[in-house]
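Working notes, structure below.
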Amino acid sequence: MSKRLRSSEVCADCSGPDPSWASVNRGTFICDECCSVHRSLGRHISQVRHLKHTPWPPTLLQMVETLYNNGANSIWEHSLLDPASILSGRRKANPQDKVHPNKAEFIRAKYQMLAFVHRLPCRDDDSVTAKDLSKQLHSSVRTGNLETCLRLLSLGAQANFLHPEKGNTPLHVASKAGQILQAELLAVYGADPGTQDSNGKTPVDYARQGGHHELAERLVEIQYELTDRLAFYLCGRKPDHKNGQHFIIPQMADSSLDLSELAKAAKKKLQSLSNHLFEELAMDVYDEVDRRETDAVWLATQNHSTLVTETTVVPFLPVNPEYSSTRNQGRQKLARFNAHEFATLVIDILSDAKRRQQGSPLCGSKDSVELILKTISTQHSTESPNNDQPDYDSVASDEDPDADTATSRASRQKSLDSDLSDGPVTVQEFMEVKNALVASEAKIQQLMKVNNNLSDELRIMQKKLLGKDAN
């Protein structure tokens with residue numbers, strides 16, 4: 001980042017000097033204290049990166065810089081710019097405010113509740129509004145006006161919108177026009193570089209066709225961002241996409257744990273997941289990698305005497321209200337994995353992602369992601385009986401696990417046993433339930449067969465009775 005830009009920057013949320021972090025999807029720079037609040041909101045609200053200590057793709061950083069310098073923050077603070085808001089007592093946070101509750105409440109209102117974003121006039125059909133906004137986005141991405149596109153996305157425009165008349169997405173349009181920063185913004189909001197238009201072409205195809213080689217290479221990187229991030233987390237290297245190497249599968253130095261029956265069972269369950277459930281699990285693991293890496297950077301760059309407190313720690317992935325409670329619980333369980341267990345899971349996901357891309361057959365099982373997480377998380381405790389692993393309740397609460405009584409543990413275990421749909425199950429429990437269902441189905445089939453036989457005999461008897469009456 002240039003020194004010229006750095007000299008005049010202030011935190012978008014409290015106006016503090018020299019912000020060290022960026023909220024990528026919001027196009028803002030933020031200070032350490034405000035960043036601690038952003039991290040607690042989750043990546044679905046704010047995707048944070050350190051400006052110096054986190055590796056950046058150059059064009060992604062350029063995109064955020066451009067948004068910041070062109071006033072993207074006014075999108076999120078639109079109504080606060082009205083003089084009437086000052087008279088009503090509404091104001092943004094300032095550097096002297098306490099992180100909790102002052103800054104935290106303001107940041108949640110600003111980004112989570114979107115309390116200060118400009119609202120469109122209400123319509124009877126919200127889908128029509130979203131469609132109109134998406135069509136505007138479709139037209140805007142061929143220009144370099146990033147803040148206009150961010151404003152449209154903030155109001156509900158869809159990054160993967162397929163234009164009904166033109167048969168392509170905004171990313172196709174941006175790629176054809178060579179707008180690499182627009183492509184970065186769309187990708188941050190979920191645009192898929194592998195989507196085909198009505199002619200069967202992807203955005204990568206159009207970038208290459210237009211001679212935008214840097215953009216084409218970046219789109220390929222974005223397409224493999226998830227698996228690249230996982231591989232880099234384990235071995236510090238990324239695949240060489242230019243030469244056709246799209247996957248790196250690291251190897252464990254000590255593979256003793258990988259040979260356990262539970263590890264094998266977990267891997268088998270992973271491979272049997274439908275593509276949709278596998279993608280969900282891979283995205284959750286990606287978020288956990290981001291949490292762990294961001295934690296490491298955050299802790300390494302703070303004044304530990306003032307900032308590293310219980311209120312600024314993010315011990316597990318924050319809840320995403322768009323996900324089911326089961327998935328959110330599974331996501332939070334990932335924080336319990338030690339380094340070896342988590343590395344094993346990451347390697348299994350990388351291996352299976354490669355297998356699936358190469359078109360290996362899938363069995364399409366409906367086994368839940370939660371079962372896989374439970375299988376792997378119990379691997380360590382099974383091999384080390386003295387290591388008492390905390391259950392979900394103690395992980396996702398502020399309670400001290402050591403203060404747990406035997407009675408409360410037994411009560412939670414009883415609750416789990418009585419309602420398997422809400423809690424984790426072991427492989428053994430799963431197989432017992434599955435065998436019981438198979439046995440029940442066999443009994444039902446047998447009863448149906450007996451019922452059919454009785455129906456046949458009844459019909460025969462009725463015919464005989466009808467014959468006697470006729471005589």
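Residue numbering restarts at 1 in every chain; chains get A, B, ... in the order shown in the structure tokens, and ligands count up from 1 in that same order.
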A:Asn199 surroundings by only C-alpha atoms, 12 Å radius, close-in-sequence under 2 positions cut, as a tab-separated table (two decimals) with C-alpha atoms, in the first residue's frame:
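Done, and the output landed in selection07.tsv:
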```tsv
chain	number	residue	atom	x	y	z
A	166	LYS	CA	-28.62	-11.61	-22.36
A	167	GLY	CA	-28.04	-15.03	-20.87
A	168	ASN	CA	-24.96	-14.11	-18.83
A	172	HIS	CA	-19.20	-12.39	-17.68
A	195	THR	CA	-20.57	-20.24	-14.36
A	196	GLN	CA	-21.42	-20.78	-18.03
A	197	ASP	CA	-23.48	-18.32	-20.05
A	201	LYS	CA	-18.61	-19.87	-21.98
A	202	THR	CA	-17.23	-18.91	-18.58
A	203	PRO	CA	-15.89	-15.50	-17.46
A	205	ASP	CA	-13.10	-17.73	-21.46
A	206	TYR	CA	-14.14	-14.13	-22.13
```
Fill in: A:Ala174 surroundings by only C-alpha atoms, 9 Å radius, close-in-sequence under 2 positions cut, as a PyMOL selection string
chain A and resi 138+140-143+169-172+176-183+203+207
Expected file contents, prior selection, N, CA, C and O atoms, as a PDB file, in the first residue's frame:
```pdb
ATOM      1  N   HIS A 138     -25.629  -5.481 -13.614  1.00  0.00           N
ATOM      2  CA  HIS A 138     -25.206  -6.083 -14.878  1.00  0.00           C
ATOM      3  C   HIS A 138     -24.658  -5.023 -15.834  1.00  0.00           C
ATOM      4  O   HIS A 138     -23.671  -5.260 -16.548  1.00  0.00           O
ATOM      5  N   SER A 140     -23.594  -1.899 -14.823  1.00  0.00           N
ATOM      6  CA  SER A 140     -22.585  -1.049 -14.188  1.00  0.00           C
ATOM      7  C   SER A 140     -21.191  -1.659 -14.189  1.00  0.00           C
ATOM      8  O   SER A 140     -20.192  -0.931 -14.171  1.00  0.00           O
ATOM      9  N   VAL A 141     -21.090  -2.994 -14.185  1.00  0.00           N
ATOM     10  CA  VAL A 141     -19.774  -3.621 -14.028  1.00  0.00           C
ATOM     11  C   VAL A 141     -18.883  -3.470 -15.260  1.00  0.00           C
ATOM     12  O   VAL A 141     -17.686  -3.760 -15.180  1.00  0.00           O
ATOM     13  N   ARG A 142     -19.435  -3.010 -16.356  1.00  0.00           N
ATOM     14  CA  ARG A 142     -18.572  -2.798 -17.530  1.00  0.00           C
ATOM     15  C   ARG A 142     -17.802  -1.488 -17.419  1.00  0.00           C
ATOM     16  O   ARG A 142     -16.944  -1.187 -18.242  1.00  0.00           O
ATOM     17  N   THR A 143     -18.119  -0.682 -16.378  1.00  0.00           N
ATOM     18  CA  THR A 143     -17.397   0.558 -16.114  1.00  0.00           C
ATOM     19  C   THR A 143     -16.475   0.352 -14.909  1.00  0.00           C
ATOM     20  O   THR A 143     -16.502  -0.690 -14.269  1.00  0.00           O
ATOM     21  N   THR A 169     -23.961 -13.480 -16.712  1.00  0.00           N
ATOM     22  CA  THR A 169     -23.925 -12.899 -15.367  1.00  0.00           C
ATOM     23  C   THR A 169     -23.093 -11.619 -15.368  1.00  0.00           C
ATOM     24  O   THR A 169     -22.362 -11.348 -16.338  1.00  0.00           O
ATOM     25  N   PRO A 170     -23.163 -10.826 -14.301  1.00  0.00           N
ATOM     26  CA  PRO A 170     -22.317  -9.624 -14.226  1.00  0.00           C
ATOM     27  C   PRO A 170     -20.827  -9.943 -14.375  1.00  0.00           C
ATOM     28  O   PRO A 170     -20.082  -9.131 -14.946  1.00  0.00           O
ATOM     29  N   LEU A 171     -20.391 -11.102 -13.873  1.00  0.00           N
ATOM     30  CA  LEU A 171     -18.970 -11.441 -13.978  1.00  0.00           C
ATOM     31  C   LEU A 171     -18.569 -11.697 -15.429  1.00  0.00           C
ATOM     32  O   LEU A 171     -17.438 -11.400 -15.826  1.00  0.00           O
ATOM     33  N   HIS A 172     -19.474 -12.250 -16.246  1.00  0.00           N
ATOM     34  CA  HIS A 172     -19.198 -12.392 -17.676  1.00  0.00           C
ATOM     35  C   HIS A 172     -18.972 -11.018 -18.313  1.00  0.00           C
ATOM     36  O   HIS A 172     -18.045 -10.824 -19.103  1.00  0.00           O
ATOM     37  N   LYS A 176     -15.448  -9.646 -19.863  1.00  0.00           N
ATOM     38  CA  LYS A 176     -15.386  -9.268 -21.285  1.00  0.00           C
ATOM     39  C   LYS A 176     -14.845  -7.852 -21.447  1.00  0.00           C
ATOM     40  O   LYS A 176     -14.105  -7.539 -22.395  1.00  0.00           O
ATOM     41  N   ALA A 177     -15.175  -6.963 -20.468  1.00  0.00           N
ATOM     42  CA  ALA A 177     -14.730  -5.569 -20.527  1.00  0.00           C
ATOM     43  C   ALA A 177     -13.339  -5.387 -19.913  1.00  0.00           C
ATOM     44  O   ALA A 177     -12.800  -4.281 -19.939  1.00  0.00           O
ATOM     45  N   GLY A 178     -12.784  -6.447 -19.323  1.00  0.00           N
ATOM     46  CA  GLY A 178     -11.456  -6.354 -18.723  1.00  0.00           C
ATOM     47  C   GLY A 178     -11.432  -5.603 -17.406  1.00  0.00           C
ATOM     48  O   GLY A 178     -10.384  -5.083 -17.003  1.00  0.00           O
ATOM     49  N   GLN A 179     -12.569  -5.546 -16.714  1.00  0.00           N
ATOM     50  CA  GLN A 179     -12.669  -4.808 -15.459  1.00  0.00           C
ATOM     51  C   GLN A 179     -12.267  -5.720 -14.297  1.00  0.00           C
ATOM     52  O   GLN A 179     -13.102  -6.342 -13.630  1.00  0.00           O
ATOM     53  N   ILE A 180     -10.981  -5.779 -14.010  1.00  0.00           N
ATOM     54  CA  ILE A 180     -10.469  -6.726 -13.021  1.00  0.00           C
ATOM     55  C   ILE A 180     -10.903  -6.368 -11.594  1.00  0.00           C
ATOM     56  O   ILE A 180     -11.171  -7.259 -10.778  1.00  0.00           O
ATOM     57  N   LEU A 181     -11.015  -5.073 -11.280  1.00  0.00           N
ATOM     58  CA  LEU A 181     -11.437  -4.685  -9.937  1.00  0.00           C
ATOM     59  C   LEU A 181     -12.911  -4.989  -9.716  1.00  0.00           C
ATOM     60  O   LEU A 181     -13.328  -5.384  -8.612  1.00  0.00           O
ATOM     61  N   GLN A 182     -13.706  -4.817 -10.771  1.00  0.00           N
ATOM     62  CA  GLN A 182     -15.120  -5.210 -10.672  1.00  0.00           C
ATOM     63  C   GLN A 182     -15.236  -6.720 -10.463  1.00  0.00           C
ATOM     64  O   GLN A 182     -16.087  -7.189  -9.698  1.00  0.00           O
ATOM     65  N   ALA A 183     -14.391  -7.478 -11.139  1.00  0.00           N
ATOM     66  CA  ALA A 183     -14.393  -8.934 -10.969  1.00  0.00           C
ATOM     67  C   ALA A 183     -14.046  -9.307  -9.531  1.00  0.00           C
ATOM     68  O   ALA A 183     -14.639 -10.219  -8.952  1.00  0.00           O
ATOM     69  N   PRO A 203     -16.603 -16.790 -17.501  1.00  0.00           N
ATOM     70  CA  PRO A 203     -15.891 -15.503 -17.464  1.00  0.00           C
ATOM     71  C   PRO A 203     -14.410 -15.635 -17.813  1.00  0.00           C
ATOM     72  O   PRO A 203     -13.835 -14.731 -18.437  1.00  0.00           O
ATOM     73  N   ALA A 207     -12.334 -13.452 -20.632  1.00  0.00           N
ATOM     74  CA  ALA A 207     -11.125 -12.692 -20.294  1.00  0.00           C
ATOM     75  C   ALA A 207      -9.978 -13.070 -21.231  1.00  0.00           C
ATOM     76  O   ALA A 207      -9.253 -12.195 -21.727  1.00  0.00           O
TER      77      ALA A 207
END
```
Item to complete: For A:Leu51, work out the shell of residues within 12 Å, counting only C-alpha atoms and skipping chain neighbours fewer than 6 positions away, then give it as a PyMOL selection string.
Response: chain A and resi 1-2+6+18-24+28-32+35+57-58+60-62+64-65+294+297-298+301
For the selection you just gave me, I'd like the residues written to a file as a compact mmCIF listing (two decimals), in the first residue's frame, keeping N, CA and C atoms.
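To be explicit, this is the file written out as out-v1.txt:
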```txt
# COMPACT_ATOMS: atom_id res chain seq x y z
N MET A 1 0.84 -1.18 0.00
CA MET A 1 0.00 0.00 0.00
C MET A 1 0.89 1.24 0.00
N SER A 2 0.54 2.24 -0.77
CA SER A 2 1.41 3.39 -0.92
C SER A 2 1.39 4.25 0.34
N ARG A 6 -1.63 5.87 2.87
CA ARG A 6 -1.62 5.55 4.28
C ARG A 6 -1.64 6.79 5.17
N ASP A 18 -4.62 5.92 11.41
CA ASP A 18 -3.79 4.79 10.97
C ASP A 18 -4.44 3.42 11.17
N PRO A 19 -5.55 3.14 10.50
CA PRO A 19 -6.17 1.82 10.63
C PRO A 19 -5.26 0.73 10.07
N SER A 20 -5.24 -0.42 10.74
CA SER A 20 -4.35 -1.52 10.34
C SER A 20 -5.05 -2.64 9.61
N TRP A 21 -6.38 -2.61 9.59
CA TRP A 21 -7.16 -3.69 9.01
C TRP A 21 -8.09 -3.18 7.93
N ALA A 22 -8.55 -4.11 7.09
CA ALA A 22 -9.55 -3.77 6.08
C ALA A 22 -10.72 -4.73 6.19
N SER A 23 -11.92 -4.20 5.99
CA SER A 23 -13.10 -5.04 5.80
C SER A 23 -13.29 -5.16 4.30
N VAL A 24 -12.94 -6.31 3.76
CA VAL A 24 -12.86 -6.47 2.30
C VAL A 24 -14.21 -6.28 1.64
N THR A 28 -13.79 -0.85 3.45
CA THR A 28 -13.39 0.13 4.46
C THR A 28 -12.11 -0.30 5.16
N PHE A 29 -11.41 0.66 5.77
CA PHE A 29 -10.26 0.41 6.63
C PHE A 29 -10.70 0.63 8.07
N ILE A 30 -10.24 -0.22 8.98
CA ILE A 30 -10.68 -0.15 10.37
C ILE A 30 -9.50 -0.30 11.32
N CYS A 31 -9.66 0.23 12.53
CA CYS A 31 -8.60 0.16 13.53
C CYS A 31 -8.66 -1.17 14.27
N ASP A 32 -7.69 -1.40 15.14
CA ASP A 32 -7.61 -2.66 15.88
C ASP A 32 -8.84 -2.91 16.74
N CYS A 35 -11.80 -3.65 14.67
CA CYS A 35 -11.62 -4.95 14.03
C CYS A 35 -12.03 -6.08 14.96
N PRO A 57 -3.75 -10.72 -2.62
CA PRO A 57 -3.66 -10.62 -4.08
C PRO A 57 -3.65 -9.12 -4.43
N PRO A 58 -2.71 -8.65 -5.22
CA PRO A 58 -2.57 -7.20 -5.47
C PRO A 58 -3.86 -6.53 -5.92
N LEU A 60 -6.93 -7.42 -5.36
CA LEU A 60 -7.94 -7.38 -4.30
C LEU A 60 -7.68 -6.19 -3.38
N LEU A 61 -6.41 -5.97 -3.02
CA LEU A 61 -6.06 -4.82 -2.20
C LEU A 61 -6.36 -3.52 -2.94
N GLN A 62 -6.07 -3.51 -4.23
CA GLN A 62 -6.35 -2.32 -5.04
C GLN A 62 -7.85 -2.03 -5.07
N VAL A 64 -10.05 -2.74 -2.67
CA VAL A 64 -10.45 -2.17 -1.38
C VAL A 64 -9.98 -0.72 -1.26
N GLU A 65 -8.74 -0.46 -1.68
CA GLU A 65 -8.21 0.91 -1.65
C GLU A 65 -9.09 1.86 -2.47
N THR A 294 -6.51 -15.49 11.21
CA THR A 294 -6.76 -14.10 11.63
C THR A 294 -6.49 -13.94 13.11
N VAL A 297 -2.72 -13.57 13.54
CA VAL A 297 -2.25 -12.24 13.14
C VAL A 297 -2.70 -11.20 14.17
N TRP A 298 -3.95 -11.31 14.59
CA TRP A 298 -4.49 -10.32 15.52
C TRP A 298 -3.71 -10.34 16.84
N THR A 301 -0.20 -8.81 16.69
CA THR A 301 -0.05 -7.38 16.38
C THR A 301 -0.66 -6.47 17.43
```
Item to complete: Quick one: everything within 9 Å of A:Pro17, counting only C-alpha atoms, minus sequence neighbours fewer than 3 positions away in the same chain. Send it as an NGL selection string.
Response: :A and (8-11 or 31 or 95)
Restricting the output to N, CA and C atoms, write the selected residues as a compact mmCIF listing (two decimals), in the first residue's frame.
```txt
# COMPACT_ATOMS: atom_id res chain seq x y z
N SER A 8 -3.28 9.56 5.13
CA SER A 8 -4.54 10.26 5.39
C SER A 8 -5.68 9.33 5.78
N GLU A 9 -5.38 8.08 6.05
CA GLU A 9 -6.45 7.14 6.33
C GLU A 9 -6.89 7.20 7.78
N VAL A 10 -8.20 7.01 7.98
CA VAL A 10 -8.76 6.91 9.33
C VAL A 10 -9.71 5.73 9.36
N CYS A 11 -9.99 5.24 10.56
CA CYS A 11 -10.91 4.12 10.73
C CYS A 11 -12.31 4.52 10.27
N CYS A 31 -9.66 0.23 12.53
CA CYS A 31 -8.60 0.16 13.53
C CYS A 31 -8.66 -1.17 14.27
N PRO A 95 -12.94 7.72 18.54
CA PRO A 95 -11.80 6.94 19.07
C PRO A 95 -11.81 6.79 20.59
```
Worksheet item: Which distance in Å separates atom CA of A:Phe116 and atom CA of A:Val37, to one decimal?
Response: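 Result for atom CA of A:Phe116 versus atom CA of A:Val37: 17.8 Å, one decimal.
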What's the 9 Å shell around A:Lys354, counting only C-alpha atoms, without same-chain residues fewer than 5 positions away, as a CSV table (one decimal) with C-alpha atoms, in the first residue's frame?
```csv
chain,number,residue,atom,x,y,z
A,246,HIS,CA,-4.7,-27.0,-9.4
A,247,PHE,CA,-4.3,-29.0,-6.2
A,249,ILE,CA,-2.3,-32.4,-1.1
A,349,ILE,CA,-11.2,-32.3,2.2
A,359,GLY,CA,-15.4,-36.9,-11.9
```
Discussion item. Report, in Å with one decimal, the straight-line distance from atom CA of A:Val204 to atom CA of A:Arg218.
Written reply: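 According to the coordinates, atom CA of A:Val204 and atom CA of A:Arg218 are separated by 9.0 Å.
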Worksheet entry | Nearest to A:Tyr189, chosen from A:Arg49, A:Arg91, A:Lys238, A:Arg26, with only C-alpha atoms counted in the distances |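 Of A:Arg49, A:Arg91, A:Lys238, A:Arg26, the one nearest A:Tyr189 is A:Arg26, counting only C-alpha atoms.
Distances here use only C-alpha atoms; by that measure, the residue among A:Phe106, A:Arg291, A:Ile347, A:Leu114 closest to A:Arg90 is A:Phe106.
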Discussion item. Which residues are close to A:Ala72, i.e. within 12 Å by only C-alpha atoms, leaving aside same-chain residues fewer than 3 positions away? Reply as a PyMOL selection string.
Written reply: chain A and resi 12+23-29+63-69+75-78+117+145-152+154
Go ahead and dump the residues you just picked, N, CA and C atoms, as a tab-separated table (two decimals), in the first residue's frame.
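Result file is part_15.tsv:
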```
chain	number	residue	atom	x	y	z
A	12	ALA	N	-12.93	3.68	9.48
A	12	ALA	CA	-14.25	3.99	8.94
A	12	ALA	C	-15.33	4.02	10.01
A	23	SER	N	-11.92	-4.20	5.99
A	23	SER	CA	-13.10	-5.04	5.80
A	23	SER	C	-13.29	-5.16	4.30
A	24	VAL	N	-12.94	-6.31	3.76
A	24	VAL	CA	-12.86	-6.47	2.30
A	24	VAL	C	-14.21	-6.28	1.64
A	25	ASN	N	-15.26	-6.92	2.16
A	25	ASN	CA	-16.56	-6.85	1.51
A	25	ASN	C	-17.28	-5.52	1.77
A	26	ARG	N	-16.78	-4.71	2.72
A	26	ARG	CA	-17.39	-3.41	2.98
A	26	ARG	C	-16.60	-2.26	2.36
A	27	GLY	N	-15.38	-2.56	1.90
A	27	GLY	CA	-14.57	-1.53	1.25
A	27	GLY	C	-14.11	-0.46	2.21
A	28	THR	N	-13.79	-0.85	3.45
A	28	THR	CA	-13.39	0.13	4.46
A	28	THR	C	-12.11	-0.30	5.16
A	29	PHE	N	-11.41	0.66	5.77
A	29	PHE	CA	-10.26	0.41	6.63
A	29	PHE	C	-10.70	0.63	8.07
A	63	MET	N	-8.66	-3.09	-5.11
A	63	MET	CA	-10.11	-2.91	-5.11
A	63	MET	C	-10.57	-2.25	-3.81
A	64	VAL	N	-10.05	-2.74	-2.67
A	64	VAL	CA	-10.45	-2.17	-1.38
A	64	VAL	C	-9.98	-0.72	-1.26
A	65	GLU	N	-8.74	-0.46	-1.68
A	65	GLU	CA	-8.21	0.91	-1.65
A	65	GLU	C	-9.09	1.86	-2.47
A	66	THR	N	-9.48	1.39	-3.65
A	66	THR	CA	-10.29	2.24	-4.54
A	66	THR	C	-11.64	2.55	-3.90
A	67	LEU	N	-12.27	1.54	-3.31
A	67	LEU	CA	-13.56	1.75	-2.65
A	67	LEU	C	-13.40	2.73	-1.49
A	68	TYR	N	-12.36	2.54	-0.68
A	68	TYR	CA	-12.16	3.41	0.48
A	68	TYR	C	-11.96	4.86	0.03
A	69	ASN	N	-11.09	5.06	-0.96
A	69	ASN	CA	-10.77	6.41	-1.42
A	69	ASN	C	-11.93	7.08	-2.13
A	75	ILE	N	-21.80	4.60	1.96
A	75	ILE	CA	-22.87	3.65	1.68
A	75	ILE	C	-23.44	3.11	2.99
A	76	TRP	N	-22.55	2.79	3.92
A	76	TRP	CA	-22.96	2.18	5.19
A	76	TRP	C	-23.38	3.22	6.22
A	77	GLU	N	-23.05	4.51	5.98
A	77	GLU	CA	-23.41	5.57	6.93
A	77	GLU	C	-24.27	6.65	6.27
A	78	HIS	N	-25.06	6.26	5.28
A	78	HIS	CA	-25.80	7.21	4.45
A	78	HIS	C	-26.65	8.17	5.31
A	117	VAL	N	-28.04	2.47	6.06
A	117	VAL	CA	-28.00	2.34	4.59
A	117	VAL	C	-29.24	2.97	3.98
A	145	ASN	N	-16.68	2.10	-12.14
A	145	ASN	CA	-17.30	2.73	-10.98
A	145	ASN	C	-17.64	1.68	-9.92
A	146	LEU	N	-16.65	1.40	-9.07
A	146	LEU	CA	-16.82	0.34	-8.08
A	146	LEU	C	-17.85	0.68	-7.01
A	147	GLU	N	-17.87	1.94	-6.56
A	147	GLU	CA	-18.77	2.29	-5.46
A	147	GLU	C	-20.23	2.16	-5.86
A	148	THR	N	-20.54	2.42	-7.14
A	148	THR	CA	-21.92	2.23	-7.61
A	148	THR	C	-22.32	0.77	-7.50
A	149	CYS	N	-21.42	-0.12	-7.90
A	149	CYS	CA	-21.71	-1.55	-7.84
A	149	CYS	C	-21.81	-2.04	-6.40
A	150	LEU	N	-20.95	-1.51	-5.51
A	150	LEU	CA	-21.04	-1.89	-4.11
A	150	LEU	C	-22.37	-1.42	-3.51
A	151	ARG	N	-22.81	-0.24	-3.91
A	151	ARG	CA	-24.09	0.27	-3.42
A	151	ARG	C	-25.24	-0.65	-3.87
A	152	LEU	N	-25.20	-1.07	-5.13
A	152	LEU	CA	-26.23	-1.97	-5.65
A	152	LEU	C	-26.21	-3.31	-4.92
A	154	SER	N	-25.14	-3.77	-1.88
A	154	SER	CA	-25.61	-3.54	-0.51
A	154	SER	C	-27.12	-3.48	-0.43
```
